[in-house]
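What follows is the content of data_34.txt (compact mmCIF, C-alpha atoms).
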```txt
# COMPACT_ATOMS: atom_id res chain seq x y z
CA MET N 1 -8.46 -1.85 -21.49
CA ASP N 2 -10.57 -4.92 -20.68
CA ILE N 3 -12.90 -3.84 -17.84
CA ARG N 4 -14.41 -6.84 -16.05
CA ILE N 5 -17.11 -6.43 -13.41
CA PHE N 6 -17.74 -9.18 -10.89
CA ALA N 7 -20.77 -10.07 -8.80
CA PRO N 8 -20.23 -10.51 -5.06
CA HIS N 9 -21.39 -13.81 -3.61
CA TRP N 10 -21.58 -12.06 -0.23
CA GLY N 11 -25.23 -11.50 0.54
CA SER N 12 -26.42 -14.36 -1.69
CA ASN N 13 -24.92 -17.25 0.27
CA GLU N 14 -28.32 -18.81 0.84
CA LEU N 15 -28.79 -19.51 -2.88
CA ALA N 16 -27.83 -22.82 -4.45
CA PRO N 17 -24.75 -22.47 -6.70
CA GLN N 18 -26.57 -22.81 -10.02
CA VAL N 19 -29.36 -20.46 -8.90
CA PHE N 20 -26.81 -17.81 -7.97
CA ILE N 21 -24.90 -18.28 -11.22
CA GLU N 22 -28.09 -17.84 -13.24
CA ARG N 23 -28.78 -14.64 -11.32
CA VAL N 24 -25.28 -13.37 -12.12
CA LEU N 25 -25.67 -14.18 -15.82
CA ALA N 26 -29.09 -12.53 -16.01
CA ALA N 27 -27.69 -9.32 -14.52
CA GLY N 28 -24.81 -9.22 -17.02
CA PHE N 29 -21.77 -9.56 -14.76
CA ASP N 30 -18.49 -10.89 -16.16
CA GLY N 31 -17.71 -13.11 -13.19
CA ILE N 32 -18.09 -13.89 -9.52
CA GLU N 33 -16.06 -12.88 -6.48
CA MET N 34 -16.49 -15.35 -3.66
CA SER N 35 -14.90 -17.30 -0.84
CA LEU N 36 -14.50 -20.93 -1.84
CA PRO N 37 -15.20 -23.90 0.44
CA LEU N 38 -12.17 -25.65 1.94
CA ASP N 39 -13.67 -29.00 0.96
CA ALA N 40 -11.93 -29.79 -2.33
CA ALA N 41 -14.96 -31.43 -3.93
CA GLU N 42 -17.24 -28.50 -3.10
CA ARG N 43 -14.57 -26.03 -4.25
CA ASP N 44 -14.08 -27.82 -7.55
CA GLN N 45 -17.84 -27.97 -8.13
CA TRP N 46 -18.09 -24.18 -7.79
CA VAL N 47 -15.10 -23.69 -10.11
CA ARG N 48 -16.59 -26.04 -12.70
CA LEU N 49 -20.04 -24.42 -12.63
CA ILE N 50 -18.56 -20.91 -12.90
CA GLY N 51 -16.31 -21.95 -15.78
CA ASP N 52 -19.12 -23.75 -17.60
CA ALA N 53 -21.17 -20.54 -17.40
CA GLY N 54 -18.37 -18.60 -19.10
CA LEU N 55 -17.77 -16.47 -16.03
CA GLY N 56 -14.50 -15.36 -14.49
CA LEU N 57 -13.55 -16.02 -10.88
CA ILE N 58 -11.96 -13.91 -8.17
CA VAL N 59 -11.50 -15.69 -4.86
CA ALA N 60 -11.96 -13.73 -1.64
CA GLN N 61 -10.22 -14.81 1.55
CA TRP N 62 -11.76 -13.17 4.61
CA GLU N 63 -12.10 -16.06 7.07
CA THR N 64 -8.87 -15.13 8.88
CA VAL N 65 -11.01 -12.62 10.78
CA PHE N 66 -12.01 -15.60 12.94
CA HIS N 67 -8.39 -16.06 14.10
CA PRO N 68 -7.35 -13.11 16.30
CA GLN N 69 -4.14 -14.72 17.61
CA PHE N 70 -1.16 -14.38 15.29
CA GLU N 71 -0.05 -18.00 14.93
CA ALA N 72 -3.60 -19.24 14.30
CA HIS N 73 -4.12 -16.39 11.83
CA LYS N 74 -0.91 -17.28 9.99
CA HIS N 75 -1.84 -20.96 9.79
CA ALA N 76 -5.34 -20.14 8.52
CA LEU N 77 -3.97 -17.64 5.99
CA ALA N 78 -1.68 -20.27 4.46
CA GLN N 79 -4.49 -22.82 4.27
CA LEU N 80 -7.02 -20.40 2.82
CA LEU N 81 -4.68 -18.83 0.26
CA ASN N 82 -3.44 -22.20 -0.98
CA ASN N 83 -7.05 -23.33 -1.34
CA ALA N 84 -7.94 -20.14 -3.20
CA CYS N 85 -4.98 -20.39 -5.58
CA ALA N 86 -5.81 -24.05 -6.33
CA ALA N 87 -8.87 -22.76 -8.19
CA HIS N 88 -6.63 -20.77 -10.60
CA PRO N 89 -8.69 -17.56 -10.33
CA LEU N 90 -7.87 -14.26 -11.99
CA LEU N 91 -6.67 -13.08 -8.60
CA VAL N 92 -7.13 -13.62 -4.89
CA ASN N 93 -8.37 -10.81 -2.67
CA SER N 94 -7.11 -11.32 0.87
CA HIS N 95 -8.09 -9.92 4.27
CA THR N 96 -4.60 -10.05 5.72
CA GLY N 97 -3.32 -9.28 9.19
CA LYS N 98 -4.71 -7.13 11.96
CA ASP N 99 -4.37 -3.50 12.95
CA TYR N 100 -3.14 -4.60 16.39
CA TYR N 101 -0.41 -6.94 15.13
CA THR N 102 3.11 -5.56 15.08
CA SER N 103 4.46 -4.36 11.75
CA GLU N 104 6.87 -7.30 11.81
CA GLN N 105 3.98 -9.74 12.19
CA ASN N 106 1.96 -8.18 9.40
CA GLU N 107 4.98 -8.13 7.11
CA GLU N 108 5.50 -11.82 7.85
CA LEU N 109 1.93 -12.49 6.70
CA ILE N 110 2.38 -10.42 3.54
CA ALA N 111 5.61 -12.30 2.78
CA LEU N 112 3.75 -15.59 3.26
CA ALA N 113 1.10 -14.45 0.78
CA ASP N 114 3.82 -13.45 -1.70
CA ALA N 115 5.42 -16.89 -1.46
CA ILE N 116 2.09 -18.65 -2.05
CA SER N 117 1.35 -16.32 -4.97
CA GLN N 118 4.69 -17.16 -6.61
CA GLU N 119 4.25 -20.89 -5.98
CA HIS N 120 0.87 -20.98 -7.74
CA GLY N 121 1.38 -18.20 -10.28
CA VAL N 122 -1.75 -16.41 -9.03
CA ALA N 123 -1.78 -12.75 -8.02
CA ILE N 124 -2.75 -12.10 -4.38
CA VAL N 125 -3.80 -8.58 -3.44
CA HIS N 126 -4.59 -7.25 0.03
CA GLU N 127 -7.85 -5.47 0.73
CA ILE N 128 -8.01 -2.03 2.33
CA HIS N 129 -10.36 -2.80 5.18
CA ARG N 130 -11.03 -1.70 8.73
CA SER N 131 -9.21 -3.71 11.42
CA ARG N 132 -6.63 -5.08 8.94
CA PHE N 133 -3.05 -3.82 8.55
CA SER N 134 -4.44 -1.38 5.96
CA GLY N 135 -7.39 -0.16 8.04
CA HIS N 136 -6.23 3.46 8.24
CA PRO N 137 -4.01 5.42 5.83
CA MET N 138 -1.36 6.04 8.46
CA LEU N 139 -1.21 2.32 9.18
CA LEU N 140 -0.80 1.41 5.50
CA LEU N 141 1.68 4.03 4.31
CA PRO N 142 4.75 2.60 6.13
CA TYR N 143 4.12 -0.78 4.48
CA LEU N 144 3.93 0.87 1.05
CA GLN N 145 7.24 2.59 1.72
CA ARG N 146 8.98 -0.62 2.80
CA MET N 147 7.33 -3.05 0.36
CA PRO N 148 7.39 -1.83 -3.26
CA GLY N 149 5.65 -4.98 -4.50
CA LEU N 150 2.65 -4.68 -2.17
CA HIS N 151 -0.57 -4.57 -4.22
CA LEU N 152 -4.03 -3.71 -2.97
CA THR N 153 -7.74 -4.01 -3.42
CA ALA N 154 -9.18 -0.50 -3.08
CA ASP N 155 -12.20 -0.47 -0.81
CA LEU N 156 -11.86 3.17 0.11
CA SER N 157 -15.27 3.21 1.76
CA HIS N 158 -13.47 1.85 4.82
CA TRP N 159 -11.09 4.80 4.94
CA CYS N 160 -14.01 7.23 4.68
CA CYS N 161 -15.38 5.65 7.82
CA ALA N 162 -12.02 5.42 9.61
CA CYS N 163 -11.07 9.01 8.79
CA GLU N 164 -14.56 10.53 9.11
CA SER N 165 -14.14 12.24 5.76
CA LEU N 166 -14.11 11.80 2.01
CA LEU N 167 -10.30 12.04 2.23
CA GLU N 168 -10.31 15.51 0.71
CA ASP N 169 -7.62 16.52 3.21
CA GLN N 170 -5.31 13.61 2.27
CA PRO N 171 -4.21 14.00 -1.36
CA GLN N 172 -0.73 12.71 -0.53
CA THR N 173 -2.20 9.55 0.98
CA LEU N 174 -4.19 8.83 -2.16
CA ALA N 175 -1.24 9.65 -4.40
CA ALA N 176 0.82 6.99 -2.61
CA THR N 177 -1.96 4.40 -2.48
CA LEU N 178 -3.82 4.46 -5.79
CA PRO N 179 -0.86 3.32 -7.95
CA ARG N 180 -0.72 0.09 -5.90
CA VAL N 181 -4.33 -0.87 -6.61
CA ARG N 182 -5.01 -3.91 -8.79
CA HIS N 183 -8.69 -4.53 -7.96
CA ILE N 184 -11.56 -2.28 -6.86
CA HIS N 185 -14.48 -2.90 -4.54
CA ALA N 186 -17.04 -0.49 -5.94
CA ARG N 187 -18.99 0.35 -2.81
CA VAL N 188 -19.76 3.93 -1.76
CA GLY N 189 -19.07 4.83 1.85
CA HIS N 190 -19.51 8.01 3.87
CA ALA N 191 -17.88 9.75 6.80
CA GLN N 192 -19.78 7.71 9.38
CA GLY N 193 -19.95 4.32 7.73
CA PRO N 194 -18.74 2.07 4.89
CA GLN N 195 -22.02 2.02 2.94
CA VAL N 196 -24.50 4.72 2.00
CA ALA N 197 -28.15 3.69 2.05
CA ASP N 198 -28.53 4.17 -1.72
CA PHE N 199 -25.75 5.64 -3.87
CA ARG N 200 -28.37 6.85 -6.39
CA ALA N 201 -30.05 9.17 -3.88
CA PRO N 202 -29.31 12.90 -4.24
CA GLU N 203 -28.06 13.11 -0.66
CA ALA N 204 -25.26 10.66 -1.59
CA ALA N 205 -24.09 12.70 -4.59
CA ALA N 206 -20.88 13.98 -2.99
CA GLU N 207 -19.92 10.51 -1.77
CA LEU N 208 -20.58 8.93 -5.16
CA GLU N 209 -18.57 11.62 -6.95
CA ALA N 210 -15.61 11.12 -4.62
CA HIS N 211 -15.54 7.36 -5.13
CA LEU N 212 -15.96 7.64 -8.90
CA GLY N 213 -13.04 10.05 -8.97
CA TRP N 214 -10.83 7.56 -7.14
CA TRP N 215 -11.88 4.70 -9.43
CA ASP N 216 -11.30 6.86 -12.52
CA ARG N 217 -7.79 7.67 -11.31
CA ILE N 218 -6.95 4.03 -10.60
CA ILE N 219 -8.08 2.97 -14.08
CA GLU N 220 -6.12 5.85 -15.66
CA LEU N 221 -3.00 4.77 -13.77
CA ARG N 222 -3.37 1.15 -14.86
CA LYS N 223 -3.87 2.19 -18.48
CA SER N 224 -0.77 4.37 -18.35
CA GLU N 225 1.21 1.38 -17.04
CA GLY N 226 0.05 -0.74 -19.96
CA ALA N 227 -2.24 -3.05 -17.99
CA GLN N 228 -4.56 -5.03 -20.22
CA ARG N 229 -7.31 -5.65 -17.65
CA MET N 230 -8.97 -4.03 -14.65
CA THR N 231 -11.45 -5.74 -12.34
CA LEU N 232 -14.16 -4.20 -10.19
CA THR N 233 -16.71 -5.77 -7.86
CA PRO N 234 -19.77 -3.81 -6.72
CA GLU N 235 -19.90 -4.80 -3.07
CA PHE N 236 -22.93 -3.39 -1.34
CA GLY N 237 -23.53 -5.82 1.48
CA PRO N 238 -26.44 -7.25 3.44
CA ALA N 239 -27.37 -6.22 6.98
CA PRO N 240 -25.80 -4.71 8.98
CA TYR N 241 -24.09 -2.98 6.02
CA THR N 242 -27.56 -2.38 4.61
CA PHE N 243 -29.41 -0.17 7.07
CA GLN N 244 -32.37 -1.70 8.91
CA LEU N 245 -35.40 -0.12 10.46
CA PRO N 246 -35.49 -0.41 14.26
CA TYR N 247 -37.66 -3.10 15.84
CA SER N 248 -38.80 -4.68 12.57
CA GLN N 249 -35.19 -4.95 11.29
CA ARG N 250 -36.54 -4.58 7.77
CA PRO N 251 -33.75 -3.52 5.37
CA ILE N 252 -34.32 -0.12 3.79
CA SER N 253 -32.56 -1.05 0.53
CA ASN N 254 -31.73 -4.20 -1.39
CA ALA N 255 -28.02 -4.99 -1.64
CA TRP N 256 -28.31 -7.07 -4.83
CA GLU N 257 -30.34 -4.34 -6.52
CA LEU N 258 -27.67 -1.80 -5.57
CA ASN N 259 -24.92 -4.04 -6.93
CA VAL N 260 -26.72 -4.43 -10.26
CA ALA N 261 -27.33 -0.67 -10.40
CA MET N 262 -23.62 -0.09 -9.77
CA LEU N 263 -22.78 -2.61 -12.50
CA ASN N 264 -24.86 -0.57 -14.93
CA LEU N 265 -23.26 2.69 -13.83
CA LEU N 266 -19.77 1.22 -14.29
CA ARG N 267 -20.69 -0.16 -17.71
CA ALA N 268 -21.91 3.26 -18.81
CA ARG N 269 -18.79 4.94 -17.45
CA TYR N 270 -16.05 2.53 -18.54
CA GLY N 271 -17.59 0.51 -21.36
CA ARG N 272 -18.01 -3.20 -21.83
CA ARG N 273 -15.36 -5.87 -22.12
CA ARG N 274 -13.23 -5.67 -25.22
```

Please, can you express the file's structure as structure tokens?
Amino acid sequence: MDIRIFAPHWGSNELAPQVFIERVLAAGFDGIEMSLPLDAAERDQWVRLIGDAGLGLIVAQWETVFHPQFEAHKHALAQLLNNACAAHPLLVNSHTGKDYYTSEQNEELIALADAISQEHGVAIVHEIHRSRFSGHPMLLLPYLQRMPGLHLTADLSHWCCACESLLEDQPQTLAATLPRVRHIHARVGHAQGPQVADFRAPEAAAELEAHLGWWDRIIELRKSEGAQRMTLTPEFGPAPYTFQLPYSQRPISNAWELNVAMLNLLRARYGRRR
């Protein structure tokens, strides 16, 4: 299987495009996961620079978080997903819906995403994330039962936080969810938050082992289904995801360093692109 590992643009937004791309290349990532500007010229410049560098592209759509009311959210989702698909990425990772929308409203949004996906011929997957329709296992499972074509990005760090556990008491939940995963956000969470301070530290060993086990299982499932490619994005984020010291607000770890360290761990575990 072709394992491709993408660098998150999140946390490096202050860098000029070419500076960020050079940083990604130097670290050895296969591509970039990012939200693209709505301005067509700016979007196309990013796409051109990424393509010229020989990197792949996954587009992230998260800006719908700024639209709490349903109709505004739906309008923004259509605009953002069409813009993302216009870049012809490997896939689009979408923050879709809200945990306080009705199931009918969330299903309407998922159906909208499906229609846009079919129109452009680009896969759209929906991220497991707090406050979205997938923010807790018991919120997501009814959608999986009703929508056999619903595909996900696994960011299970959010469920660790939501469930205050490493999900060891929910094997049935994972058994229903992991076969639907098409993309992985490789961040390590814990029972009280979505990001450990440093996944390499001995005190994070249990959390790292749990997440690696889930990622192993997802990749095994995709291989058994004959999938030719699997994508992962290390996604350790800046403050407030990265812990800060009180008063000085100095971060206690470096998110980019953690993402590169996770890249190297994933390379050692799953091999390079073939």

*Kindly indicate which residue among N:Gln61, N:Thr153, N:Asn106, N:Asn82 lies nearest to Pro179 (chain N), using only C-alpha atoms for the distances.*
N:Thr153

_Which residue is closest to Ala87 (chain N)? Choose from N:Ala26, N:Leu263, N:Ala186, N:Leu57 and count all atoms listed in the file._
N:Leu57

_Using all atoms listed in the file, which protein or nucleic acid residues come within 9 Å of region 119-126 of chain N? Drop anything in the same chain fewer than 3 positions from it, and give the result as a list of chain:residue names._
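Skipping anything fewer than 3 positions along the chain leaves N:Leu81, N:Asn82, N:Cys85, N:Ala86, N:His88, N:Pro89, N:Leu90, N:Leu91, N:Val92, N:Asn93, N:Ser94, N:His95, N:Thr96, N:Ile110, N:Ala113, N:Asp114, N:Ala115, N:Ile116, N:His129, N:Ser134, N:Leu150, N:His151, N:Leu152, N:Thr153, N:Ala154, N:Val181, N:Arg182, N:His183.
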
Print the selection's residues with C-alpha atoms to a file, as a CSV table (one decimal), in the frame of the given file.
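result_30.csv was written with the following content:
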```csv
chain,number,residue,atom,x,y,z
N,81,LEU,CA,-4.7,-18.8,0.3
N,82,ASN,CA,-3.4,-22.2,-1.0
N,85,CYS,CA,-5.0,-20.4,-5.6
N,86,ALA,CA,-5.8,-24.0,-6.3
N,88,HIS,CA,-6.6,-20.8,-10.6
N,89,PRO,CA,-8.7,-17.6,-10.3
N,90,LEU,CA,-7.9,-14.3,-12.0
N,91,LEU,CA,-6.7,-13.1,-8.6
N,92,VAL,CA,-7.1,-13.6,-4.9
N,93,ASN,CA,-8.4,-10.8,-2.7
N,94,SER,CA,-7.1,-11.3,0.9
N,95,HIS,CA,-8.1,-9.9,4.3
N,96,THR,CA,-4.6,-10.0,5.7
N,110,ILE,CA,2.4,-10.4,3.5
N,113,ALA,CA,1.1,-14.4,0.8
N,114,ASP,CA,3.8,-13.4,-1.7
N,115,ALA,CA,5.4,-16.9,-1.5
N,116,ILE,CA,2.1,-18.6,-2.0
N,129,HIS,CA,-10.4,-2.8,5.2
N,134,SER,CA,-4.4,-1.4,6.0
N,150,LEU,CA,2.6,-4.7,-2.2
N,151,HIS,CA,-0.6,-4.6,-4.2
N,152,LEU,CA,-4.0,-3.7,-3.0
N,153,THR,CA,-7.7,-4.0,-3.4
N,154,ALA,CA,-9.2,-0.5,-3.1
N,181,VAL,CA,-4.3,-0.9,-6.6
N,182,ARG,CA,-5.0,-3.9,-8.8
N,183,HIS,CA,-8.7,-4.5,-8.0
```

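Across the model, the gap from CA of Lys98 (chain N) to CA of His136 (chain N) is 11.3 Å.
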
*Compare N:Leu258, N:Val59, N:Leu221, N:Leu167 by their minimum atom-to-atom distance to Ala27 (chain N), counting all atoms listed in the file, and give me the closest one.*
N:Leu258

*Quote the spacing between CA of Gln195 (chain N) and CA of Ser12 (chain N) in Å to one decimal place.*
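These atoms are spaced 17.6 Å apart.
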
*Work out how far CA of Leu144 (chain N) is from CA of Ala175 (chain N), in Å to one decimal.*
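Taking CA of Ala175 (chain N) and CA of Leu144 (chain N), their separation equals 11.6 Å.
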
*Pick from N:Ile32, N:Leu178, N:Leu265, N:Leu140: nearest to Ala7 (chain N), with only C-alpha atoms counted?*
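For Ala7 (chain N), the nearest of the candidates is N:Ile32.
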
*Nearest to Arg267 (chain N): which of N:Ile58, N:Ala255, N:Ala76, N:Leu232 is it, counting all atoms listed in the file?*
N:Leu232

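Counting all atoms listed in the file, the residue from N:Gln145, N:Asn13, N:Asn264, N:Ser157 that sits nearest to Ala210 (chain N) is N:Ser157.
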
*region 39-43 of chain N: which residues within 10 Å, counting all atoms listed in the file, same-chain residues fewer than 3 positions away excluded, as a VMD selection string?*
chain N and resid 35 to 36 46 to 48 83 to 84 86 to 87

For region 138-145 of chain N, take all atoms listed in the file, fit an axis-aligned box around them, add 4 Å to each of the six sides, then output centre and edge lengths in Å rounded to one decimal, as AutoDock Vina command-line options.
```
--center_x 2.9 --center_y 2.6 --center_z 5.1 --size_x 16.6 --size_y 14.8 --size_z 16.1
```

*asked:* I'd like the neighbourhood of Tyr143 (chain N) as number ranges by chain, where a residue qualifies if any of its atoms comes within 9 Å (using all atoms listed in the file), though same-chain residues fewer than 3 positions away should be ignored.
replied: N: 103, 107, 133-134, 139-140, 146-148, 150

Go ahead and write the selection's residues with C-alpha atoms as a PDB file, in the coordinates of the input.
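Saved to selection10.pdb:
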```
ATOM      1  CA  SER N 103       4.460  -4.360  11.750  1.00  0.00           C
ATOM      2  CA  GLU N 107       4.980  -8.130   7.110  1.00  0.00           C
ATOM      3  CA  PHE N 133      -3.050  -3.820   8.550  1.00  0.00           C
ATOM      4  CA  SER N 134      -4.440  -1.380   5.960  1.00  0.00           C
ATOM      5  CA  LEU N 139      -1.210   2.320   9.180  1.00  0.00           C
ATOM      6  CA  LEU N 140      -0.800   1.410   5.500  1.00  0.00           C
ATOM      7  CA  ARG N 146       8.980  -0.620   2.800  1.00  0.00           C
ATOM      8  CA  MET N 147       7.330  -3.050   0.360  1.00  0.00           C
ATOM      9  CA  PRO N 148       7.390  -1.830  -3.260  1.00  0.00           C
ATOM     10  CA  LEU N 150       2.650  -4.680  -2.170  1.00  0.00           C
TER      11      LEU N 150
END
```
